[in-house]
Each structure stands twice: as C-alpha cells, then as structure tokens.
Amino acid sequence: MRKSLLALALLALTGALAQRLVVAQGTDPITLDAPLAQDSPSATVVTHISETLFELTPEGRIVPLLAEGHSFSDGGRTLVIRLKRGITFHDGTPFNAEAVKFNLERFISRELASPFAFLLSELERVEVVDSHTVRLRLKNPFAPILAHLTHSSTAIQSPTAIQRLGAQYRDNPVGTGPYRFQAWQKGQFVDLVRNEAYWGEKPPIPQVRFIPVPEGTTRVALVETGQAHVAVRIPPQDIARLQANRAIEVVRTPSLRTIYIYFNTQRPPFNDARVRQALNHAVNKEEILQFVLGGIGRISDAPIAPGIFGYSPVGRYEYNPQRAQELLRQAGVATPLRITLHCPTGRYFQDIQVCEAIQGQLRRIGVEASIQTLEWGAYLQETQRPLKENRIQMAMLGWGTVTGDADYGLYPLFHSSQWAPGFNRAFYRNPQVDQLLAQARISTLPQGRQQLYREAMTRIWQDAPWLFLHSEVQVTAIRQEVQGFLVHPTERYLAYKARFR
Amino acid sequence: MLAYALRRLLIAVPTLFGVVLLVFLMVRLAPGDPAVLLAGEFATPETLEAIRARYGLDRPLPEQFLIYLGALLQGDLGESARSRRPVLEEIKTYFPNTVELASAAILVALLTGIPLGILAALRPGSGLDLGVMVLALIGVSMPVFWFGLLAILIFSVQLGWFPVAGKGTLAHLVLPAITLGVNATALLARMTRGALLEVLSQDYIRTARAKGLAERVVVFKHALRNALIPVVTVAGLEFGSLLAGAVITETIFAWPGLGQLLVGSILARDYPVVQGAVLLVATTFILVNLLVDLLYAWIDPRVRYD
C-alpha cells in the first residue's frame, strides 16, 4: 500500500516536472514592479506577467499589444491610443483607459523615481477620452514614443493591486499577461502559472520557474543534467562542449548593445575624418571576432545593432592597412603617431583583450597606442567631462539601445546638442546629421523615419566619429525537448510560446 | 569568569565601531560618483539628482556618517538602492541560509577532520599517517572554486548522485557543504594530529600506560580531552570564517546565502546592502571570536589570569 502510494507520488511529481519549464538566469530578479525593473532577469519575469501597450518583435517591428491601434495628430504632439476591450488583470480589475492613465502617470512621477523615466520625458499629460481610448499630450513632437511604449518598464499593471499593496507590490505583481505570479522565494526561484483567462493565445506550458545561478559553468551543468531546460549567458569555453551534446541546442541571438571606440573629434589628430577612417581600416575585426571574442559577437555594419527599429546595414570598413597608411599620409600625419586609448576592464565581454588586440594591429600602420584603464566609476566620470576638461583621445564604450528604437541609439550619441556631459562623448557635430535625427523624431510615418535614419547613419559611417567594432551576441542553451522558447534581442527570455515536444 | 567576559565584551565595542567606520569609508572612497553608478548608463541629470537626494549623497561625508550611525543605532540599515527593500529584510532572507551552509560545513569538518587526525596520530610515520597528511595538504591548498566545479562535474553531471545547484532537499546541501568544509577538514586533521601527538608524549600518559590501562582508554579518556582544547578554538574560529567566506561556494552552487546577495550588490554598487552585509559578517566574526575566547577561558582557567 505504502509502496504504491509512493509510486503514485513519484508519478505525480515527475508529471509536474514535465509540465514545468525551468529557466536558469544569472541572478535573481531585483524587483517585479515593472518601472523599477532595470536588470534583464527582472525584466524577463515582468514581461511574462505584465504587458505593454505596444510590442517590439524580435525582428524589430513595433506592433500593438494591449493597444488596438494609434494615431498621431497635432503635428505629432498628440498621440491617441485605442485599447483592446474585454481584458482584465489577474486580480479581476478591468483593463481600461483609467488603468493606462494611472500607470503612465505613476511611471513619470518623481516619487517613483524610475530609472527609465526618461523614456516618457516628452509626456506632458494623459487624458482619458472614453473607457478604452487615451490621449497622450506631448511637450514636443516625438515619434519614438511608440517604441518607448514597448519597453518592459512601461508595462501596464493593476492599479488596484498597486494601491492596495503599496511597497509590497514589487513582491506580488499583477498584470494582464499570459502568466500569473505564483511565488518568489528570494535567491531560489520565482514561480509563474499559466493565466487560464488570458485574452490572447494561451501559453502551452502551464508552469514556469526561474532560478538564479550566478556561475556560468553551473548553469551549463544544470542544462546538461536536465535540471533546467534553459540556461542563459553560456560562457565561451563551454560552447563547444554543449554543441557536441545532441540533447541541447545552442542559440545565438544578437543583442541591442553595440561596442565601439569613440574618438574626440574636436582635437588633433582625430579632428580629421581621414585619420579616423584610417584607424577603422587598420583594425581587423574578423580577427578580433574569431580569436578574442571566440566567435561571440557580430561585426558592426551600422552604428546600431539589428533588431532595433530603424536599423539598416550601411557599410563595412574592410581591413586594409595600406589604405589606412595612405589616409594617414593624406592627412599629413607623421608616424609613429603616439596616442592614448582608454579602455574599461571587466565591463564588457573581453573588453581589455579587444583593446590589446587593436593596440597590436594599429602598430602595423605606425600608430603607437598606449592603453589606459580605470575603475568603471572613474572611467565614466572621465568620459563625460565637458570638452574643455576632457583629456580622452579615444575610448571604448558600449551602448544598449534599450528602447529598441534608433532614436535612442543615435540621437544621444551623435546629435551635437548632446555633447558630454551628455552621451555624445566624441563631440561629434554634423549639421546634416543633426537635422536628420531631429526630423526623425517628428516624422510619424514609420517608413519615413526608417529612411531618415538610413541617411543619418550613412553620413555618420563616413564621418567615422567611432572606430566601429561589434555588437554583442547572447548565447543561450536550450534543451531539445523544448520548442519555441524565444530569446529576445532586448535580453529578455520568453517562455509563453514554448512547448514540450 | 564574569569579569573576564565583561572585559572582552567591552573590547568588542571599539572594534565594532572601527568596522562601521571602515565599511562606510570603503564604499564611499571607491573611485567614481556613486550616484552615476547607481543610476546606470541611461541616467539623465534629473535622475541623478533624484538619486543623490534619495540616498543623502549630496551631503558632506561626516554628515552622511552621522546619519548612518544614528540610523544604525536604531537598527535601521537603510534601503537597498536596487530593490528599495529595507536592507535588514534582505539580510534576513539570505543570512539564515549561510548559517545553514556554514553549520553543515563545520559538521563535515569536525566529523571527518578529527577522526582522521586521531588515526594519523596513533600511527605516526606510518603510511596511513602520510596519506592523511598529504590529503590534508591538498585540502588546505585546493582553490574552492576549482574543487566545487569539479565536484559538480563528477558527482552531478557524470554520476548524477546529487543535484547540481540550488537549495531544497538535504541532497542539495551535500556538495556545497563538503566544498566549503574541505579546507577546515584539512586544518582540523592537522591540528588534531599535532595536539594529540604532543599530549601522548607527556608524563601522565606514560603513567596511565604504566598502570596497565588499555590503549583505547589512554587515548580516548586521558589524551584526547586535553588534545581537543586547541582544536575547539580552531574549530570555532573556522566556523566564523566559514560564515564570512562562503561567498565563492555560494556562487558556484547558486546557494541563496549572504554571499550571493553581497556579490550581486557589489557588482551593482548597491552601497546600503554592501554596507549592511559586510557589517553583519564582521559583527558575526567578532561575536564568534568572543564566544570562542569565553569557551576557551571556561575550558582552561589559566587563560583568565592574563
């Protein structure tokens, strides 16, 4: 009797296990309150529970999610959003215009001090038109706002729950999403269960568990033994072994983060575009990708990465030391040219190693770069000094276009109004680029914006305020029995379309 | 005994104050603007200002310290910059798990280290002695992260005996406890062997043997008691450092302890949590130290008259 009971219990247990997808992330979520969720593990969990008005597809298209449709008017200063009907939050609160107004106002409130408040900094006020229509009044025409409303931090959460739970909401999130929050044992797991009343296509897998596993090799071991179905951020040294394992699929997904070295374009020798182009030709990116990054990366063909709305490939600086030397000669630069290259260490994947490889390659065209490293905090401070005090000649940085829209990937970095202490640390200035980027903020037609960005990026590419390097690639291990698990370029891991074979 | 205990307690106070000051300065004198680090790469000037005001970073350093100290005396460790939870709440979640792991590790060390040390001491110079001492040498010098990863590869991935990582069943505890305890095991084995050998060479042991007592009684009843006094001290101190030093083991085995909280917070420059966690670790260490001292004074009365 007891034996059969035990067997029954075991059966039930394995049954439950087969029904539950386990995802090993690098860390535990920090908070499940959407506007405060900065890190990728938090954003991943939040995305399953709470939904945004619009959605950025992995291909970089913006489509309605909780929204039904939208229209701009008043020269782009007003955005009317029609909402889907018949949706309720997990606690039964109806999803409507009031809920949207409540969430967006909370998002930009100073009391909340969301680190992402800048996404809606152009938002002046939200008006309820009728039960399922809201009108957003903007301070200036600002087309990228649609993309910004795809960001997981702008998710619409249950106003009742937020008001009722106060600070405890972060541990008990309530949204409209395909999964409901079930339990969070800090440092151990977050459990989600399928939302049986989901308005859209119901997820095939009834339960999802996220576990925090800081050590990469341990995450790999979890997937190898089947104790987890998905492991994120696979360490390079483990990739070959996993690829040889038939039970596991290794998936590479380009991320939205671009790694580059910028030049101070206002000071010699880098105030001459030919010198900057020369350095772009002198660096062998294929060699760096293969030998320094272990193949994990994607050589840049535009200032922003694919998957971002507005991306299109605009070129390549082929590796050509002769051409580089010729350009230096034309610019009247005497070799050896001594310069300082600032580089962070441990901030980006293989950062200092990439700098060292570049140092070696530059030597071949008579450029002697000495590498300077600083602790990250001090490094940031040095790069953001205004021109007068700025001592940096060239420095490596990374930029994650977290909004998924080219505006955020280009305007802060290349518009001349954004010079340091803003994010334009190259002190780049090109009136045509300024104009194109400003126009793309106003133009409310997606195709028009795309065209404007292509032109702006082509000019930027020729001006070469950066030494264009690569964008990061996320490597994820997924067990073969899982199908349809999605790794989003925004570094979110999505289970709601996944199923067991 | 009471006077001694009080005196020791009083000495602990300035030490604790020193720890508080040091921890406070350590996180603030690190290069870079803490507000910039907290706000992340997307921060606008307004966000930075809001963050400075929220965490009092806009005030002069001495003032910040006084505010911190005042709050601390009321048991307020501040609020995590990332999760915005009270630091005390965060620590309460993670610290018990570290205590659990460290206790298991010291248990492993006591239950294997002492018997091994005794075995070696009973046959000094034998092959057994040599084997135990070589093992102890390896145990002391082996890097924890290497041992831990190897343990996972062999016992979880290859043999499938134990779960890879995480916390839950007793089986989850085995590999991390051994990994964390292996150093202390080696140390205790050597200590026990050394102390027992010394005691065994003393006159009263010869007397005991001369009056015809069985060797078992000589060793376990007469020698071991005295030999274990220094071993107790070392074990106590080791427990303190296991609590403080579980960071690497916890990281490898995804054990939800203070180490995991600490590493995550350091990487994100979550100062309030780093301060709180380091303070707790230091305080625990001081307290364990104190307890060991008292225990020692209780076992060996000579210590009290210094």
# chains A, B, ... in the order shown; residues from 1 in each chain; ligands from 1
$ residues_around --residues "range 165-180 of chain B" --least-positions-apart "2" --cutoff "8 Å" --atoms "only C-alpha atoms" --output "MDAnalysis selection string"
(chainID A and resid 188 213 218 222) or (chainID B and resid 101:102 104:105 108 144 147:148 151:152 162:163 182:183 242 246 249:250 252:256)
$ residues_around --residues "Phe220 in chain B" --least-positions-apart "5" --cutoff "12 Å" --atoms "only C-alpha atoms" --output "PyMOL selection string"
chain B and resi 115+118-119+122+196+199-200+205+213-215+225-228
$ select_by_dssp --residues "range 120-305 of chain B" --states "helix (DSSP H, G or I)" --output "PyMOL selection string"
chain B and resi 120-122+127-141+144-158+170-200+203-210+215-244+247-252+258-267+271-299+301-304
$ residues_around --residues "range 265-281 of chain A" --least-positions-apart "2" --cutoff "9 Å" --atoms "only C-alpha atoms" --output "ChimeraX atom specification"
/A:262-263,283-284,317-328,330-331,333,337,339,362,365,367,387,393-394,426-429,462-469
$ residues_around --residues "Gln350 in chain A" --least-positions-apart "5" --cutoff "10 Å" --atoms "only C-alpha atoms" --output "PyMOL selection string"
chain A and resi 292-294+344-345+355
$ closest_residue --among "A:Pro431, A:Gln157, A:Thr490, A:Glu472" --to "Gln38 in chain A" --atoms "only C-alpha atoms"
A:Thr490
$ residues_around --residues "Ala189 in chain B" --least-positions-apart "2" --cutoff "7 Å" --atoms "only C-alpha atoms" --output "PyMOL selection string"
chain B and resi 113-114+116-117+136+185-187+191-193
$ residues_around --residues "Trp461 in chain A" --least-positions-apart "6" --cutoff "8 Å" --atoms "only C-alpha atoms" --output "compact mmCIF listing (two decimals) with N, CA and C atoms, in the first residue's frame"
# COMPACT_ATOMS: atom_id res chain seq x y z
N ALA A 302 26.64 49.13 -38.98
CA ALA A 302 25.91 50.37 -38.75
C ALA A 302 26.20 50.78 -37.31
N PRO A 303 25.94 52.04 -36.95
CA PRO A 303 26.20 52.43 -35.56
C PRO A 303 25.28 51.73 -34.56
N VAL A 314 24.77 49.86 -43.29
CA VAL A 314 25.23 50.98 -44.12
C VAL A 314 26.67 50.81 -44.59
N GLY A 315 27.36 49.78 -44.19
CA GLY A 315 28.70 49.62 -44.74
C GLY A 315 29.60 48.74 -43.89
$ closest_residue --among "B:Ala208, B:Leu262, B:Leu73, B:Ile67" --to "chain A" --atoms "only C-alpha atoms"
B:Leu262
$ residues_around --residues "Arg170 in chain A" --least-positions-apart "5" --cutoff "8 Å" --atoms "only C-alpha atoms" --output "PyMOL selection string"
chain A and resi 31-33
$ closest_residue --among "A:Arg110, A:Arg61, A:His70, A:His48" --to "chain B" --atoms "only C-alpha atoms"
A:Arg110
$ atom_distance --atom1 "CA of Asn390 in chain A" --atom2 "CA of Ala117 in chain A"
28.4 Å
$ closest_residue --among "B:Pro96, B:Ser156, B:Arg190, B:Tyr204" --to "Leu137 in chain B" --atoms "only C-alpha atoms"
B:Arg190
$ closest_residue --among "A:Thr458, A:Thr335, A:Gln243, A:Gln451" --to "Ile478 in chain A" --atoms "only C-alpha atoms"
A:Gln243
